[in-house]
Structures are given as C-alpha cells and as structure tokens.
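Trainee: Take this structure, written in structure tokens, and hold onto it; I'll ask about it next.
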Amino acid sequence: MTAETTAGPLICVVGARPNYMKMAPLLRAFRANPALPKALLVHTGQHYDFALNDRLFADLELPAPDVNLGVGSGSHAVQTAEVMKRFEPVVLESGPSCVIVVGDVNSTMACTLVASKLHIPVVHVEAGLRSFDRAMPEEINRVVTDQIADLLYTTERTAHDNLAREGIAPERVQFVGNLMIDSLQAAMKKAVAPHATLAKEGAALELLSDPAGFGVVTMHRPSNVDDPASLAKLLDILSDVSRRLPLVWPIHPRTRANIDRLGLGAQLARVRMACLPPQGYLEMVGLLSNARLVLTDSGGVQEETTALGVPCLTMRPNTERPITVEHGTNTLVPRDGAVVLRLVDEILASGGKRGRTPELWDGHAAGRIADHLAAWLTQRAAAPAEAAA
Ligand code: UD1
C-alpha cells in the first residue's frame, strides 16, 4: 500500500506573494514522490489581486488551490484571526499527516498555531532566519512559527545558530538549501525581456537605452513606505540615483496607496523612472537578471540578486538573510542619499561587490525536502509515541 492510501494528506499553505515561489517547486516534488501522501494546496487569500496572485500562480505553474480561505486584507490581528478561524475546519475535516508552511507572512504563523493546537505536526520551510528586529511583523511570525513547528528546514547555516539560541533541539532542524533558487532556475529559461515588459505597460522604452544600463527598485516594508517622511526621503534618493542611471519600479499596492494618499505622485513623476504595476514572476526575473543594480527592501529579492550575481542595495538596518551580505552581492544601506549614491557610483565604476553562490542554493532544495519529509513521516508513523515525546 502506498502512503497515499494509508495516511492523511499533506496540507501545503500559501498566503502571500513570496510564498508562491517556495511552494511551487515543493508541491511538484511532493506530488512526484510516491512515498508521500497526497498534497493539498490551501490558499489563505491574504493576497488576492490579479497581479499579486493569479499571475504569479500561472508563471510558477502552481495548480489552482484545492481550498481558498478568501481572507483578504485587514489589520494584523484581524488578518491572523480570520486565517485561524477559516483554517481550523479545513484541518479538522481533512485529518492531515502534517501541515507545511513556508516563509514568514501572517498566514504562516496563523496556520502554524491552528495545526499545532490540533496536535498536527507542522513543518516550517525557511526556518531560523532572524533580523533581530521585533518591529518587523515578519520577525514575530518567524519566532512564533519556529518555536512550535515540529520540523524546521533551513536555507543557510546561520539559521541553526539562531534556533539553537532559542532552545530548539537540533534534531528538529535540517539544512536543505533554498527553494527560491529552484524557482529562479526554472524561470530563467522563460523570463520576459525588459523591453517587452516596459512595452506592455506603455512605459518609455528609451529608458532602457542608457549606456549605464538600468536599476530595478522594489520597496514595500512598512518601515520604508508607511511613514510620510521616510517615503518622501526614499523618493528623493530614487530621484538622485536616477540621475546616474534610469530606474524601473514595479510598485507594490501598499506603496502605491501611500504615495497616492500622501500626494507624492508629482514628486515621483520627476524621477527618471518607469513606474509599473506589480509584475508577474517571469517579468520580474527578466528585469532583475538584466539590471545593473537593484535597490530593495524585500527578502526574496536579496536572495535572487545573490543567486544572479547582480549588485543589490537593501534599504534596511538589518537582514534576516546574512548570507546574502557575507557571500552574496547584497549590501545594507541606510535611508541616506549620500551613502546610496556613493555605492551606486562604485557599482557603476567597478561592477560592485562580487558574490558567490551560497551552499545548497543549487535548484534542488525541493527534492531534498520531499525525500527527507517522506523518511520523517515514516519514522513518526512507526514510533508515534517516541516522535511525540
Ligand atoms: C505581505 C507580507 C510581507 C511580504 C509581502 C509581499 C505579512 C506581515 N507581510 O506584506 O512579509 O513581503 O506580503 O508582498 O504577512 N493589498 C492589495 N492586494 C492584495 C493584497 C494586499 O492591494 O492582493 C494591499 C492592501 O491595501 C493591504 C496592503 O496591500 O492592506 C498590505 O497587504 P498585506 O497582505 O497586509 O501585507 P503586504 O504589505 O503585502
């Protein structure tokens, strides 16, 4: 008898954009592994816009979710509570072998809490990352999820030190590499050329003819875009940088809403930049891989630029992904125009920081997780009392 006929399903949870790049290769690997039970995809509905959701599902060849909880936006408490309320009956009805959560968004923590209280094992993929900044909502989500998850898969070795410091037994932790790179490698062959992306959005194509090349911007963290003074300062810095090289900025809905609400649209229009709506994954990979440099506050983009060897300036005081700074092409920058311009000039003059690919960021993380998980579930089934101890 296969595992599929004897055990409850694997429930795989996604909620927001950065989850999809991780879950797409993982779900494929789960469904291709006969030793694993059937995998169900549950979408919490945290992200629901076409650009943030459906388009990425198509680009990543993620199948339609088996269940969509339709939670939508709200305050942190409302969003987290809604996910919990709507996820609990799904778990109760399906009796899963385990629940698999990825990353650090509100849906990750909410589903972990629900499953854990129902005594269903939780597997957290991308565990142990720490910014040590509790003002970031994601940091709270990471700490809570890792404390109560049963099995933790990591992308870099510093995560093991972080987890050990928080009292998490090393037997619960497994280094597997980075699923983001599995998706990146799969998408490179299909990436959309920057010209096609700008043409589709009706942006000025001559921006791409500058001899300096072009820079790509992504910004959506509350610390950069929610405070009016910080956002205005950010736009000033982008304006200065755009005098060195033109910029392309697919603007996150959160950032767009703040720019409109604060009346900063006119300031934005003065920047030598193509302002685009959020882009699909294949467009994003095309932009990032052809960029001369990237200015971001995203977690995933720090990893993608390291894997692509493209210089990345991350506008944050910290990163939960230190390997991108230590081994990769990433540099943390303050919200300070002089510092940013100096680094941009260095990149334009010398190509910037040379990075190397971190250990196990090789495109095969999903297969490693599927194999390990199959063995772990078999072991638990054979000795449930021991495993629970
Ligand atoms: C969430 C994640 C963040 C991740 C980011 C990627 C948390 C705490 N944050 O942040 O870690 O990097 O996704 O995008 O989970 N909105 C839309 N359409 C949507 C979804 C949201 O327009 O489909 C707007 C709403 O106005 C909403 C705002 O964006 O209030 C913020 O959305 P939310 O899901 O709360 O967080 P993100 O900022 O997207």
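Labels used: A, B, ... for chains in the order of the structure tokens, numbers from 1 for residues in each chain, and numbers from 1 for ligands as shown.
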Determine, for each residue of chain A having at least one atom at most 10 Å from an atom of ligand 1, the closest pair of atoms and their separation in Å to one decimal, counting only C-alpha atoms and all ligand atoms; order by chain and ascending number, as a tab-separated table.
Mentor:
```
residue	atom	partner	partner_atom_place_in_ligand_line	distance
A:Gly15	CA	ligand 1	15 (O)	7.9
A:Ala16	CA	ligand 1	13 (O)	5.3
A:Arg17	CA	ligand 1	14 (O)	5.2
A:Pro18	CA	ligand 1	6 (C)	5.6
A:Asn19	CA	ligand 1	6 (C)	8.6
A:Gly45	CA	ligand 1	23 (O)	7.9
A:Gln46	CA	ligand 1	34 (O)	5.3
A:His47	CA	ligand 1	23 (O)	3.5
A:Tyr48	CA	ligand 1	23 (O)	3.7
A:Asp49	CA	ligand 1	23 (O)	3.8
A:Phe50	CA	ligand 1	23 (O)	7.2
A:Ala51	CA	ligand 1	23 (O)	7.6
A:Leu52	CA	ligand 1	23 (O)	5.5
A:Asn53	CA	ligand 1	23 (O)	6.7
A:Asp54	CA	ligand 1	23 (O)	9.7
A:Val71	CA	ligand 1	34 (O)	9.9
A:Gly72	CA	ligand 1	20 (C)	6.8
A:Ser73	CA	ligand 1	30 (O)	5.1
A:Gly74	CA	ligand 1	30 (O)	6.1
A:Ser75	CA	ligand 1	35 (O)	7.0
A:His76	CA	ligand 1	8 (C)	7.0
A:Gln79	CA	ligand 1	35 (O)	7.7
A:Thr80	CA	ligand 1	15 (O)	9.0
A:Gly103	CA	ligand 1	11 (O)	8.2
A:Asp104	CA	ligand 1	11 (O)	6.1
A:Val105	CA	ligand 1	15 (O)	3.2
A:Asn106	CA	ligand 1	15 (O)	4.0
A:Ser107	CA	ligand 1	15 (O)	6.5
A:Thr108	CA	ligand 1	15 (O)	8.0
A:Met109	CA	ligand 1	15 (O)	9.0
A:Met136	CA	ligand 1	8 (C)	8.0
A:Pro137	CA	ligand 1	8 (C)	5.1
A:Glu138	CA	ligand 1	8 (C)	5.4
A:Glu139	CA	ligand 1	8 (C)	9.0
A:Ile140	CA	ligand 1	8 (C)	9.0
A:Asn141	CA	ligand 1	8 (C)	7.7
A:Met219	CA	ligand 1	12 (O)	9.5
A:His220	CA	ligand 1	38 (O)	6.1
A:Arg221	CA	ligand 1	38 (O)	6.6
A:Pro222	CA	ligand 1	38 (O)	7.2
A:Val225	CA	ligand 1	38 (O)	9.7
A:Asp226	CA	ligand 1	38 (O)	9.9
A:His252	CA	ligand 1	14 (O)	6.9
A:Pro253	CA	ligand 1	22 (O)	4.7
A:Arg254	CA	ligand 1	29 (O)	4.1
A:Thr255	CA	ligand 1	29 (O)	7.9
A:Arg256	CA	ligand 1	29 (O)	8.9
A:Ala257	CA	ligand 1	26 (O)	7.0
A:Asn258	CA	ligand 1	26 (O)	9.3
A:Pro278	CA	ligand 1	14 (O)	9.4
A:Asp297	CA	ligand 1	12 (O)	8.8
A:Ser298	CA	ligand 1	12 (O)	6.1
A:Gly299	CA	ligand 1	12 (O)	6.9
A:Gly300	CA	ligand 1	12 (O)	8.0
A:Val301	CA	ligand 1	12 (O)	9.9
```
Trainee: Any chance you could list, as a count of residues only, the residues in region 263-376 of chain A that come up helix (DSSP H, G or I) when DSSP is run on the backbone?
Mentor: 55
Trainee: Hey, can you check how far CA of Met180 (chain A) sits from CA of Thr305 (chain A)?
Mentor: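 Here the two named atoms are 11.1 Å from each other.
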Trainee: For region 32-44 of chain A, please output as a ChimeraX atom specification all residues within 7 Å (counting only C-alpha atoms; exclusion window: fewer than 2 positions along the same chain).
Mentor: /A:2-4,7-15,28-30,46,65-71,83,107,370,374
Trainee: Would you save the residues from that selection as a PDB file, in the first residue's frame, using C-alpha atoms?
Mentor:
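Written file, result-v3.pdb:
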```pdb
ATOM      1  CA  THR A   2       1.322   3.451  -0.757  1.00  0.00           C
ATOM      2  CA  ALA A   3       1.436   6.229   1.803  1.00  0.00           C
ATOM      3  CA  GLU A   4      -1.335   7.910  -0.185  1.00  0.00           C
ATOM      4  CA  ALA A   7      -2.170   8.469   5.650  1.00  0.00           C
ATOM      5  CA  GLY A   8      -3.948  11.798   5.768  1.00  0.00           C
ATOM      6  CA  PRO A   9      -2.895  14.366   3.177  1.00  0.00           C
ATOM      7  CA  LEU A  10      -0.111  16.895   3.384  1.00  0.00           C
ATOM      8  CA  ILE A  11      -1.661  20.354   3.698  1.00  0.00           C
ATOM      9  CA  CYS A  12       0.538  22.913   1.954  1.00  0.00           C
ATOM     10  CA  VAL A  13      -0.264  26.519   2.872  1.00  0.00           C
ATOM     11  CA  VAL A  14       0.309  29.695   0.858  1.00  0.00           C
ATOM     12  CA  GLY A  15      -0.944  33.187   1.666  1.00  0.00           C
ATOM     13  CA  ARG A  28       5.757  19.491  -7.624  1.00  0.00           C
ATOM     14  CA  ALA A  29       8.334  17.487  -5.668  1.00  0.00           C
ATOM     15  CA  PHE A  30       5.705  16.267  -3.179  1.00  0.00           C
ATOM     16  CA  GLN A  46      -4.031  37.069   2.140  1.00  0.00           C
ATOM     17  CA  PRO A  65      -5.613  25.820  -4.756  1.00  0.00           C
ATOM     18  CA  ASP A  66      -7.766  22.945  -3.512  1.00  0.00           C
ATOM     19  CA  VAL A  67      -9.145  25.312  -0.878  1.00  0.00           C
ATOM     20  CA  ASN A  68      -9.205  29.122  -0.819  1.00  0.00           C
ATOM     21  CA  LEU A  69      -9.995  30.698   2.542  1.00  0.00           C
ATOM     22  CA  GLY A  70     -10.609  34.132   0.961  1.00  0.00           C
ATOM     23  CA  VAL A  71      -9.303  36.063   3.957  1.00  0.00           C
ATOM     24  CA  VAL A  83      -6.943  32.835   8.770  1.00  0.00           C
ATOM     25  CA  SER A 107      -0.672  33.238   7.108  1.00  0.00           C
ATOM     26  CA  ALA A 370      10.440  15.713  -0.245  1.00  0.00           C
ATOM     27  CA  ALA A 374       8.934  11.055   3.466  1.00  0.00           C
TER      28      ALA A 374
END
```
Trainee: For a quick check of understanding, using only C-alpha atoms, which of A:Tyr153, A:Tyr20, A:Val325, A:Gly263 has the smallest distance to Ala64 (chain A)?
Mentor: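 Under the stated criterion, the closest residue is A:Tyr20.
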Trainee: Show me, as a list in words, the residues that have an atom within 6 Å of region 56-58 of chain A when counting only C-alpha atoms, minus same-chain residues fewer than 4 positions from it.
Mentor: Leu62, Gly280 and Tyr281 of chain A
Trainee: Compare A:Pro96, A:Pro334, A:Asn178, A:Asp210 by their minimum atom-to-atom distance to Leu26 (chain A), counting only C-alpha atoms, and give me the closest one.
Mentor: A:Asn178
Trainee: Looking only at strand (DSSP E) from DSSP on the backbone, list the matching residues of region 38-237 of chain A as a list in words.
Mentor: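 Strand (DSSP E) members of region 38-237 of chain A, listed: Ala39, Leu40, Leu41, Val42, His43, Val67, Asn68, Cys98, Val99, Ile100, Val101, Val102, Val122, Val123, His124, Val125, Leu151, Leu152, Tyr153, Thr154, Val173, Gln174, Phe175, Gly215, Val216, Val217 and Thr218 of chain A.
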Trainee: What's around region 238-240 of chain A at 6 Å? Count only C-alpha atoms, leave out sequence neighbours fewer than 3 positions away in its own chain, and write the answer as a ChimeraX atom specification.
Mentor: /A:235,243,271
Trainee: Convert the current residue selection to file output with N, CA, C and O atoms, as a tab-separated table (two decimals), in the first residue's frame.
Mentor:
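The resulting result_31.tsv:
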```tsv
chain	number	residue	atom	x	y	z
A	235	LEU	N	11.83	58.75	-2.01
A	235	LEU	CA	11.62	59.26	-3.37
A	235	LEU	C	12.73	60.24	-3.75
A	235	LEU	O	13.18	60.26	-4.91
A	243	ARG	N	19.53	60.03	-11.65
A	243	ARG	CA	20.41	60.90	-12.47
A	243	ARG	C	21.64	60.13	-12.92
A	243	ARG	O	22.30	60.50	-13.88
A	271	VAL	N	11.07	61.66	-11.21
A	271	VAL	CA	12.18	60.70	-11.21
A	271	VAL	C	12.29	60.06	-12.60
A	271	VAL	O	11.27	59.76	-13.23
```
Trainee: Mind dumping a table of every region 151-254 of chain A residue within 10 Å of region 344-356 of chain A, with the nearest atom pair and its distance in Å to one decimal, using only C-alpha atoms, sorted by chain and rising number, as a Markdown table?
Mentor:
```
| residue | atom | partner | partner_atom | distance |
| --- | --- | --- | --- | --- |
| A:Ala212 | CA | A:Leu348 | CA | 7.2 |
| A:Gly213 | CA | A:Leu348 | CA | 9.2 |
| A:Gly215 | CA | A:Val344 | CA | 9.7 |
| A:Val241 | CA | A:Val344 | CA | 7.4 |
| A:Arg244 | CA | A:Asp345 | CA | 7.9 |
| A:Leu245 | CA | A:Leu348 | CA | 9.0 |
```
Trainee: Which value, in Å to one decimal, gives the distance between CA of Val285 (chain A) and CA of Thr197 (chain A)?
Mentor: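 Atom-to-atom, CA of Val285 (chain A) to CA of Thr197 (chain A), that is 11.0 Å.
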Trainee: Quick one: everything within 10 Å of region 122-124 of chain A, counting only C-alpha atoms, minus sequence neighbours fewer than 5 positions away in the same chain. Send it as a PyMOL selection string.
Mentor: chain A and resi 11-12+97-104+108-109+111-116+142+145-146+148-154+172-173+373
Trainee: Interatomic distance between CA of Pro317 (chain A) and CA of Glu156 (chain A)?
Mentor: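 Interatomic distance, CA of Pro317 (chain A) to CA of Glu156 (chain A): 20.0 Å.
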Trainee: Pick out the closest residue to Ser242 (chain A) from this set: A:Gly95, A:Pro89, A:Gly337, A:Gly286. Count only C-alpha atoms.
Mentor: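 Among the listed residues, A:Gly337 lies closest to Ser242 (chain A).
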Trainee: Please list as an MDAnalysis selection string every residue within 9 Å of region 327-330 of chain A, counting only C-alpha atoms and excluding residues in the same chain fewer than 4 positions away.
Mentor: chainID A and resid 302:303 305:314 322:323 352:358
Trainee: From the list A:Thr319, A:Gln279, A:Thr331, A:Thr218, which residue is nearest Thr296 (chain A) when using only C-alpha atoms?
Mentor: A:Thr218
